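The file start13.tsv comes next; it holds TSV, C-alpha atoms.
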```
chain	number	residue	atom	x	y	z
G	1	MET	CA	114.96	12.02	99.55
G	2	SER	CA	113.03	8.83	100.16
G	3	ASP	CA	114.55	8.65	103.65
G	4	LEU	CA	113.08	12.01	104.67
G	5	ARG	CA	110.63	11.68	107.47
G	6	LYS	CA	107.19	13.18	107.22
G	7	VAL	CA	106.76	16.05	109.67
G	8	SER	CA	103.23	16.84	110.76
G	9	SER	CA	101.42	18.36	113.72
G	10	ASN	CA	100.25	16.24	116.60
G	11	PRO	CA	98.54	13.95	117.40
G	12	HIS	CA	100.90	11.41	115.85
G	13	ILE	CA	99.15	8.36	117.30
G	14	ARG	CA	95.48	8.10	116.47
G	15	ALA	CA	92.86	5.76	117.86
G	16	LYS	CA	90.22	4.10	115.72
G	17	ASP	CA	87.44	5.75	117.71
G	18	THR	CA	85.48	8.51	115.99
G	19	THR	CA	82.98	11.00	117.35
G	20	ALA	CA	80.17	9.11	115.62
G	21	LYS	CA	81.27	5.79	117.13
G	22	ILE	CA	81.51	7.24	120.64
G	23	MET	CA	78.15	8.99	120.40
G	24	LEU	CA	76.49	5.89	119.00
G	25	THR	CA	77.85	3.92	121.96
G	26	VAL	CA	76.32	6.51	124.30
G	27	VAL	CA	72.98	6.09	122.52
G	28	ILE	CA	73.22	2.32	123.02
G	29	GLY	CA	74.10	2.90	126.69
G	30	LEU	CA	70.96	5.02	127.09
G	31	LEU	CA	68.68	2.40	125.54
G	32	PRO	CA	68.02	0.43	128.79
G	33	ALA	CA	66.80	3.57	130.58
G	34	THR	CA	64.86	4.69	127.49
G	35	LEU	CA	63.12	1.34	126.98
G	36	PHE	CA	62.28	1.06	130.66
G	37	GLY	CA	60.91	4.61	130.60
G	38	ILE	CA	58.62	3.69	127.71
G	39	TYR	CA	57.56	0.50	129.51
G	40	ASN	CA	57.00	2.42	132.75
G	41	PHE	CA	55.12	5.44	131.38
G	42	GLY	CA	53.61	4.17	128.13
G	43	LEU	CA	53.73	5.19	124.48
G	44	ARG	CA	53.55	8.89	125.29
G	45	ALA	CA	57.09	8.59	126.63
G	46	ALA	CA	58.17	7.16	123.25
G	47	LEU	CA	56.48	10.09	121.50
G	48	ILE	CA	58.31	12.63	123.66
G	49	VAL	CA	61.63	10.89	122.97
G	50	ALA	CA	60.94	10.88	119.22
G	51	ILE	CA	59.95	14.56	119.16
G	52	SER	CA	62.98	15.59	121.22
G	53	VAL	CA	65.47	13.70	119.06
G	54	ALA	CA	63.83	14.88	115.82
G	55	THR	CA	63.96	18.49	117.06
G	56	THR	CA	67.65	18.43	117.96
G	57	VAL	CA	68.67	16.73	114.71
G	58	LEU	CA	66.53	19.01	112.51
G	59	THR	CA	67.66	22.15	114.34
G	60	GLU	CA	71.31	21.27	113.76
G	61	TYR	CA	70.70	20.31	110.12
G	62	ILE	CA	68.68	23.44	109.26
G	63	TYR	CA	71.14	25.79	110.97
G	64	GLU	CA	74.15	24.29	109.22
G	65	ARG	CA	72.30	24.23	105.91
G	66	LEU	CA	71.30	27.89	106.15
G	67	CYS	CA	74.77	28.96	107.29
G	68	LYS	CA	76.43	26.84	104.57
G	69	LYS	CA	78.41	24.91	107.14
G	70	LYS	CA	79.45	21.27	107.10
G	71	ILE	CA	76.49	19.05	108.00
G	72	THR	CA	77.41	17.25	111.23
G	73	VAL	CA	74.21	15.43	112.18
G	74	GLY	CA	75.91	12.17	111.20
G	75	ASP	CA	78.12	12.31	114.31
G	76	PHE	CA	75.08	11.42	116.49
G	77	SER	CA	75.86	14.20	119.00
G	78	ALA	CA	72.50	15.85	118.31
G	79	VAL	CA	70.80	12.48	118.82
G	80	VAL	CA	72.49	12.12	122.22
G	81	THR	CA	71.38	15.64	123.21
G	82	GLY	CA	67.80	15.00	122.18
G	83	LEU	CA	67.69	11.63	123.92
G	84	LEU	CA	69.17	12.97	127.17
G	85	LEU	CA	66.78	15.91	127.16
G	86	ALA	CA	63.79	13.61	126.67
G	87	LEU	CA	64.92	11.33	129.50
G	88	ASN	CA	65.02	14.38	131.78
G	89	LEU	CA	61.41	15.36	131.06
G	90	PRO	CA	58.25	14.26	132.89
G	91	VAL	CA	55.92	12.23	130.69
G	92	SER	CA	53.13	14.72	131.42
G	93	VAL	CA	54.74	17.67	129.60
G	94	PRO	CA	52.98	19.13	126.55
G	95	LEU	CA	54.48	17.98	123.26
G	96	TRP	CA	55.84	21.44	122.47
G	97	ILE	CA	58.11	21.34	125.51
G	98	PRO	CA	60.73	18.99	123.95
G	99	VAL	CA	60.62	21.14	120.81
G	100	VAL	CA	61.45	24.33	122.74
G	101	GLY	CA	64.04	22.61	124.92
G	102	GLY	CA	65.69	20.76	122.04
G	103	ALA	CA	65.93	23.89	119.87
G	104	PHE	CA	67.42	25.88	122.75
G	105	ALA	CA	69.94	23.15	123.60
G	106	ILE	CA	71.23	22.79	120.04
G	107	LEU	CA	70.93	26.32	118.70
G	108	VAL	CA	71.82	28.50	121.69
G	109	VAL	CA	74.09	26.30	123.78
G	110	LYS	CA	75.86	24.29	121.08
G	111	LEU	CA	75.81	25.84	117.60
G	112	LEU	CA	76.04	29.54	118.48
G	113	PHE	CA	79.18	28.77	120.48
G	114	GLY	CA	80.86	26.99	117.58
G	115	GLY	CA	79.37	23.50	117.55
G	116	LEU	CA	80.48	20.27	119.15
G	117	GLY	CA	83.59	20.79	121.26
G	118	GLN	CA	82.98	24.51	121.79
G	119	ASN	CA	79.92	24.45	124.05
G	120	PHE	CA	80.72	25.50	127.62
G	121	MET	CA	77.97	23.47	129.27
G	122	ASN	CA	76.09	20.27	128.58
G	123	PRO	CA	73.43	21.17	125.97
G	124	ALA	CA	70.81	18.70	127.20
G	125	LEU	CA	71.07	19.88	130.80
G	126	ALA	CA	71.12	23.51	129.71
G	127	GLY	CA	67.92	22.85	127.77
G	128	ARG	CA	66.34	21.23	130.80
G	129	CYS	CA	67.36	24.06	133.14
G	130	PHE	CA	65.99	26.58	130.62
G	131	LEU	CA	62.67	24.73	130.66
G	132	LEU	CA	62.68	24.48	134.48
G	133	ILE	CA	63.18	28.22	134.82
G	134	SER	CA	60.73	29.14	132.06
G	135	PHE	CA	57.96	26.62	132.80
G	136	PRO	CA	58.42	25.44	136.41
G	137	ALA	CA	54.84	24.23	136.91
G	138	ILE	CA	54.95	22.07	133.78
G	139	MET	CA	58.42	20.69	134.46
G	140	THR	CA	57.62	19.69	138.03
G	141	ASN	CA	54.30	18.02	137.30
G	142	PHE	CA	54.88	14.26	137.54
G	143	GLU	CA	51.23	13.25	137.57
G	144	CYS	CA	50.47	10.63	134.92
G	145	ASP	CA	48.26	7.60	134.29
G	146	ALA	CA	50.82	5.28	135.88
G	147	TYR	CA	51.61	7.28	139.03
G	148	SER	CA	50.12	10.02	141.14
G	149	GLY	CA	51.44	11.96	144.09
G	150	ALA	CA	54.90	13.28	144.91
G	151	THR	CA	58.15	11.84	143.63
G	152	PRO	CA	60.20	9.78	146.10
G	153	LEU	CA	62.67	12.61	146.67
G	154	ALA	CA	59.84	15.04	147.41
G	155	ALA	CA	58.39	12.50	149.84
G	156	ILE	CA	61.76	12.12	151.57
G	157	LYS	CA	62.12	15.88	151.87
G	158	ALA	CA	58.66	16.04	153.43
G	159	GLY	CA	59.67	13.41	155.97
G	160	GLN	CA	57.57	10.63	154.46
G	161	GLY	CA	58.60	7.03	153.94
G	162	VAL	CA	59.44	5.56	150.52
G	163	ASN	CA	59.85	2.09	149.05
G	164	VAL	CA	63.56	1.89	148.20
G	165	MET	CA	63.20	-1.31	146.16
G	166	ASP	CA	60.58	0.35	143.94
G	167	MET	CA	63.01	3.22	143.42
G	168	ILE	CA	65.84	0.88	142.46
G	169	ILE	CA	63.64	-1.05	140.02
G	170	GLY	CA	61.93	2.08	138.72
G	171	ARG	CA	58.30	1.69	139.79
G	172	THR	CA	58.04	5.34	140.83
G	173	ALA	CA	57.12	8.76	139.51
G	174	GLY	CA	59.83	10.89	137.98
G	175	THR	CA	61.22	11.87	134.61
G	176	ILE	CA	61.16	9.36	131.77
G	177	GLY	CA	64.72	8.12	132.12
G	178	GLU	CA	65.68	8.64	135.76
G	179	THR	CA	63.42	6.22	137.61
G	180	SER	CA	65.18	2.86	137.15
G	181	MET	CA	68.55	2.74	138.85
G	182	ILE	CA	69.08	-0.77	137.46
G	183	ALA	CA	68.53	0.30	133.85
G	184	ILE	CA	70.88	3.28	134.22
G	185	VAL	CA	73.63	1.16	135.78
G	186	ILE	CA	73.32	-1.41	132.97
G	187	GLY	CA	73.78	1.39	130.45
G	188	ALA	CA	76.73	2.76	132.42
G	189	CYS	CA	78.38	-0.66	132.38
G	190	ILE	CA	78.08	-0.68	128.58
G	191	LEU	CA	79.94	2.65	128.40
G	192	ILE	CA	82.61	1.52	130.85
G	193	LEU	CA	83.23	-1.79	129.08
G	194	ALA	CA	83.39	0.02	125.73
G	195	GLY	CA	86.00	2.40	127.15
G	196	VAL	CA	83.85	5.47	126.53
G	197	ILE	CA	83.87	6.57	130.19
G	198	ASP	CA	85.72	5.64	133.35
G	199	LEU	CA	84.85	5.99	137.02
G	200	LYS	CA	86.88	9.08	137.93
G	201	VAL	CA	84.03	11.56	137.57
G	202	PRO	CA	80.98	9.39	138.38
G	203	GLY	CA	82.78	7.53	141.17
G	204	SER	CA	83.99	10.68	142.92
G	205	TYR	CA	80.57	12.28	142.35
G	206	ILE	CA	78.60	9.43	143.93
G	207	VAL	CA	80.99	8.80	146.84
G	208	SER	CA	81.27	12.49	147.74
G	209	PHE	CA	77.50	12.87	147.45
G	210	VAL	CA	76.97	10.08	149.99
G	211	VAL	CA	79.43	11.71	152.39
G	212	PHE	CA	78.01	15.21	152.08
G	213	VAL	CA	74.32	14.25	152.07
G	214	ALA	CA	74.86	12.16	155.22
G	215	LEU	CA	76.73	15.02	156.88
G	216	PHE	CA	74.25	17.75	155.90
G	217	ALA	CA	71.22	15.60	156.72
G	218	THR	CA	72.64	14.89	160.18
G	219	LEU	CA	73.32	18.58	160.76
G	220	SER	CA	69.75	19.42	159.74
G	221	GLY	CA	68.33	16.94	162.26
G	222	ARG	CA	67.31	14.14	159.90
G	223	THR	CA	67.74	10.46	160.70
G	224	VAL	CA	70.47	9.09	158.45
G	225	ASN	CA	70.58	5.34	157.89
G	226	GLY	CA	71.02	2.82	155.10
G	227	PRO	CA	67.52	3.15	153.60
G	228	TYR	CA	67.82	6.96	153.61
G	229	ILE	CA	71.15	6.92	151.75
G	230	SER	CA	69.91	4.22	149.34
G	231	ALA	CA	66.83	6.29	148.56
G	232	GLN	CA	68.93	9.38	147.92
G	233	LEU	CA	71.13	7.42	145.52
G	234	ALA	CA	68.27	5.77	143.66
G	235	GLY	CA	66.02	8.83	143.59
G	236	GLY	CA	66.02	11.61	141.05
G	237	GLY	CA	68.60	12.10	138.34
G	238	LEU	CA	71.77	11.35	140.32
G	239	MET	CA	72.74	8.16	138.51
G	240	LEU	CA	71.71	9.43	135.08
G	241	GLY	CA	73.61	12.66	135.63
G	242	ALA	CA	76.70	11.01	137.10
G	243	PHE	CA	77.22	8.47	134.32
G	244	PHE	CA	75.79	10.16	131.24
G	245	MET	CA	76.05	13.95	131.69
G	246	ALA	CA	78.84	14.72	134.14
G	247	THR	CA	81.12	12.52	131.97
G	248	ASP	CA	80.55	14.64	128.83
G	249	TYR	CA	83.99	14.94	127.17
G	250	VAL	CA	83.51	18.60	126.24
G	251	THR	CA	82.29	19.99	129.55
G	252	ARG	CA	84.29	17.95	132.08
G	253	PRO	CA	87.93	18.69	133.02
G	254	VAL	CA	90.60	17.06	130.88
G	255	THR	CA	93.05	16.57	133.75
G	256	LYS	CA	92.82	13.51	136.00
G	257	LYS	CA	93.05	15.53	139.20
G	258	GLY	CA	90.53	17.95	137.78
G	259	GLN	CA	88.04	15.17	137.14
G	260	TYR	CA	88.21	14.09	140.78
G	261	VAL	CA	87.81	17.69	141.95
G	262	PHE	CA	84.92	18.12	139.52
G	263	GLY	CA	83.17	15.00	140.81
G	264	ILE	CA	83.61	16.00	144.46
G	265	PHE	CA	82.29	19.49	143.70
G	266	LEU	CA	79.21	18.00	142.03
G	267	GLY	CA	78.60	15.73	145.02
G	268	PHE	CA	78.87	18.69	147.39
G	269	LEU	CA	76.52	20.89	145.36
G	270	THR	CA	73.93	18.17	144.82
G	271	ALA	CA	73.85	17.45	148.56
G	272	VAL	CA	73.47	21.16	149.35
G	273	PHE	CA	70.59	21.54	146.89
G	274	ARG	CA	68.79	18.43	148.11
G	275	ILE	CA	69.12	19.07	151.84
G	276	PHE	CA	68.96	22.86	152.07
G	277	GLY	CA	67.31	23.84	148.78
G	278	ALA	CA	63.64	24.56	148.21
G	279	GLY	CA	63.33	21.68	145.74
G	280	ALA	CA	63.99	17.99	146.19
G	281	GLU	CA	66.40	17.57	143.27
G	282	GLY	CA	69.60	19.42	142.32
G	283	VAL	CA	71.61	17.32	139.86
G	284	SER	CA	70.97	19.46	136.77
G	285	TYR	CA	71.95	22.74	138.41
G	286	ALA	CA	74.96	21.14	140.10
G	287	ILE	CA	76.37	19.86	136.80
G	288	ILE	CA	75.67	23.16	135.00
G	289	LEU	CA	77.48	25.14	137.71
G	290	GLY	CA	80.28	22.59	137.64
G	291	ASN	CA	80.61	23.06	133.87
G	292	LEU	CA	81.09	26.80	134.39
G	293	LEU	CA	83.96	26.16	136.82
G	294	VAL	CA	85.80	23.67	134.60
G	295	PRO	CA	88.29	26.27	133.22
G	296	LEU	CA	89.20	27.27	136.79
G	297	ILE	CA	89.54	23.63	137.87
G	298	GLU	CA	91.80	22.88	134.91
G	299	LYS	CA	93.92	25.95	135.62
G	300	TYR	CA	94.89	24.65	139.06
G	301	THR	CA	95.09	20.95	138.22
G	302	MET	CA	97.06	21.11	134.98
G	303	PRO	CA	100.31	19.09	135.30
G	304	LYS	CA	103.43	21.22	135.35
G	305	CYS	CA	105.98	20.63	132.63
G	306	PHE	CA	109.58	19.76	133.42
G	307	GLY	CA	112.46	21.91	132.29
G	308	ARG	CA	112.90	25.64	132.15
G	309	GLY	CA	110.01	27.43	133.78
G	310	GLY	CA	108.53	24.18	135.08
G	311	GLU	CA	109.27	21.71	137.80
G	312	ARG	CA	112.71	20.18	138.15
G	313	SER	CA	113.19	16.49	138.78
```

Could I get this structure in the form of structure tokens?
Amino acid sequence: MSDLRKVSSNPHIRAKDTTAKIMLTVVIGLLPATLFGIYNFGLRAALIVAISVATTVLTEYIYERLCKKKITVGDFSAVVTGLLLALNLPVSVPLWIPVVGGAFAILVVKLLFGGLGQNFMNPALAGRCFLLISFPAIMTNFECDAYSGATPLAAIKAGQGVNVMDMIIGRTAGTIGETSMIAIVIGACILILAGVIDLKVPGSYIVSFVVFVALFATLSGRTVNGPYISAQLAGGGLMLGAFFMATDYVTRPVTKKGQYVFGIFLGFLTAVFRIFGAGAEGVSYAIILGNLLVPLIEKYTMPKCFGRGGERS
């Protein structure tokens, strides 16, 4: 009897990574953009971040407490949602905005669909899109003590010149966490080196975006050159979305081919929104629409099994 093997369901090989460890690594990866945002916009940015994170954590805790469910705030997923939502907000928003957005993201998008792993779209981006639709004037007001005037992407869309180096460093108007391309890339490198993400989704997203935005801008009569492409890459939420939201384990495809298709689709949509849309941005809506198409992408990119009913070698 001692020689009997233990039979159990898969997975049979388990990694040491846990949800809490992965989410904590994401939080660490977001710190460069967060700290630069606070430096760039002042202590009000820190207050918005604190309120957003506190709202998402408390919403999850209270809901699970009232419903007598297992308390899951220790997995840091609510912290990641609150932090990402805050980084996607202008510093000028009223302090109740992160409360409304954070509660919507956690309660409606995450918990009512079954919790972490069951949400069909990224909660932070869903919260931001909800706020954009509900309060467009507030969410598109980037006036603050540090900066005045249009964002770089709005200036580009209006045919005005921009300082690309300021955009790369982060000395521009925008949301709290999207302005510094350098800070975002540093955070992305942390995630890549830690093995939390790879370049399949963000790489295909960024490369396809460059191709499509150059093509569509040319077709629309704009002058496309190096500074124009650099400004499009450094401006808005492209880098933050590509590395920290499009790579969300739950809402991206699980298949390798699907991840490339997903990234290319996001690049195409973002270019369409930026060149032909009424607004200057488009990353949030592109990723949300991409999330909705993930089941279809996975259906047609799922590897076929060998044997009866599958492919034959």

Which residues are close to Ile288 of chain G, i.e. within 9 Å by all atoms listed in the file, leaving aside same-chain residues fewer than 6 positions away? Reply as a PyMOL selection string. chain G and resi 121-122+125-126+129

Give me the residues near segment 132-144 of chain G as number ranges by chain, where near means some atom within 9 Å (using only C-alpha atoms) and where sequence neighbours in that chain fewer than 4 positions away do not count. G: 41, 89-94, 97, 127-128, 148-151, 173-175

Applying 6 Å and all atoms listed in the file, which residues near Ala86 of chain G remain after dropping the ones on its own chain fewer than 2 positions away? List them as JSON, numbers by chain. {"G": [49, 52, 83, 84, 88, 89]}

For the selection just defined, write its residues with C-alpha atoms to a file, as an mmCIF file, in the coordinates of the input.
```
data_model
loop_
_atom_site.group_PDB
_atom_site.id
_atom_site.type_symbol
_atom_site.label_atom_id
_atom_site.label_comp_id
_atom_site.auth_asym_id
_atom_site.auth_seq_id
_atom_site.Cartn_x
_atom_site.Cartn_y
_atom_site.Cartn_z
ATOM 1 C CA VAL G 49 61.630 10.890 122.970
ATOM 2 C CA SER G 52 62.980 15.590 121.220
ATOM 3 C CA LEU G 83 67.690 11.630 123.920
ATOM 4 C CA LEU G 84 69.170 12.970 127.170
ATOM 5 C CA ASN G 88 65.020 14.380 131.780
ATOM 6 C CA LEU G 89 61.410 15.360 131.060
#
```

Which distance in Å separates atom CA of Asn40 of chain G and atom CA of Ala146 of chain G, to one decimal?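 Atom CA of Ala146 of chain G lies 7.5 Å from atom CA of Asn40 of chain G.
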
Please report, as lines of an AutoDock Vina configuration file, the centre and edge lengths in Å to one decimal of an axis-aligned box covering all listed atoms of segment 180-190 of chain G with 6 Å per side.
```
center_x = 71.8
center_y = 0.9
center_z = 133.7
size_x = 25.2
size_y = 16.7
size_z = 22.3
```

If we count all atoms listed in the file and set the cut-off at 12 Å, which residues sit around Tyr61 of chain G, ignoring sequence neighbours fewer than 5 positions away in its own chain? Please answer as a compact mmCIF listing (two decimals) with C-alpha atoms, in the frame of the given file.
```txt
# COMPACT_ATOMS: atom_id res chain seq x y z
CA ALA G 54 63.83 14.88 115.82
CA THR G 55 63.96 18.49 117.06
CA THR G 56 67.65 18.43 117.96
CA LEU G 66 71.30 27.89 106.15
CA CYS G 67 74.77 28.96 107.29
CA LYS G 68 76.43 26.84 104.57
CA LYS G 69 78.41 24.91 107.14
CA LYS G 70 79.45 21.27 107.10
CA ILE G 71 76.49 19.05 108.00
CA THR G 72 77.41 17.25 111.23
CA VAL G 73 74.21 15.43 112.18
CA GLY G 74 75.91 12.17 111.20
CA ASP G 75 78.12 12.31 114.31
CA PHE G 76 75.08 11.42 116.49
CA SER G 77 75.86 14.20 119.00
CA ALA G 78 72.50 15.85 118.31
CA VAL G 79 70.80 12.48 118.82
CA ALA G 103 65.93 23.89 119.87
CA ILE G 106 71.23 22.79 120.04
CA LEU G 107 70.93 26.32 118.70
CA LEU G 111 75.81 25.84 117.60
CA GLY G 115 79.37 23.50 117.55
```

Excluding Phe262 of chain G and any residue of its chain fewer than 3 positions from it, enumerate the residues within 10 Å of it, using all atoms listed in the file, and give them as a list in words. Lys200, Val201, Pro202, Ser204, Tyr205, Ala246, Arg252, Pro253, Lys256, Lys257, Gly258, Gln259, Phe265, Leu266, Gly267, Phe268, Ile287, Gly290, Asn291, Leu293, Val294, Ile297 and Glu298 of chain G

Selection to disk with C-alpha atoms, as a short mmCIF file (atom, residue, chain, number, x, y, z; two decimals), in the coordinates of the input:
```
data_model
loop_
_atom_site.label_atom_id
_atom_site.label_comp_id
_atom_site.auth_asym_id
_atom_site.auth_seq_id
_atom_site.Cartn_x
_atom_site.Cartn_y
_atom_site.Cartn_z
CA LYS G 200 86.88 9.08 137.93
CA VAL G 201 84.03 11.56 137.57
CA PRO G 202 80.98 9.39 138.38
CA SER G 204 83.99 10.68 142.92
CA TYR G 205 80.57 12.28 142.35
CA ALA G 246 78.84 14.72 134.14
CA ARG G 252 84.29 17.95 132.08
CA PRO G 253 87.93 18.69 133.02
CA LYS G 256 92.82 13.51 136.00
CA LYS G 257 93.05 15.53 139.20
CA GLY G 258 90.53 17.95 137.78
CA GLN G 259 88.04 15.17 137.14
CA PHE G 265 82.29 19.49 143.70
CA LEU G 266 79.21 18.00 142.03
CA GLY G 267 78.60 15.73 145.02
CA PHE G 268 78.87 18.69 147.39
CA ILE G 287 76.37 19.86 136.80
CA GLY G 290 80.28 22.59 137.64
CA ASN G 291 80.61 23.06 133.87
CA LEU G 293 83.96 26.16 136.82
CA VAL G 294 85.80 23.67 134.60
CA ILE G 297 89.54 23.63 137.87
CA GLU G 298 91.80 22.88 134.91
#
```

Report the distance between atom CA of Thr223 of chain G and atom CA of Gly159 of chain G in Å, rounded to one decimal place.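 Separating atom CA of Thr223 of chain G from atom CA of Gly159 of chain G is a distance of 9.8 Å.
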
Interatomic distance between atom CA of Arg222 of chain G and atom CA of Ile275 of chain G? 9.6 Å

Could you check the closest approach to Ala45 of chain G for each of G:Cys305, G:Ile156, G:Ile176, G:Ala124 and tell me which residue wins, using all atoms listed in the file?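 Looking at the shortest contact to Ala45 of chain G, the residue is G:Ile176.
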
Can you work out which one of G:Arg171, G:Lys16, G:Arg44, G:Lys157 has the shortest atom-to-atom distance to Tyr228 of chain G, counting only C-alpha atoms? G:Lys157

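Taking all atoms listed in the file into account, Ser230 of chain G lies nearest to G:Met165 out of the set G:Ala33, G:Met245, G:Ile192, G:Met165.
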
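Take the candidates G:Phe113, G:Phe212, G:Tyr147, G:Tyr63 and check each one against Ile264 of chain G using only C-alpha atoms; the shortest distance goes to G:Phe212.
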
Which of G:Gln118, G:Thr34, G:Thr179, G:Thr218 sits closest to Leu47 of chain G [using only C-alpha atoms]: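 Smallest distance to Leu47 of chain G is found for G:Thr34.
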
From the set G:Val109, G:Val210, G:Ala231, G:Ile62, which residue has the shortest atom-to-atom contact distance to Thr251 of chain G, counting all atoms listed in the file?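 Distance minimum relative to Thr251 of chain G lands on G:Val109.
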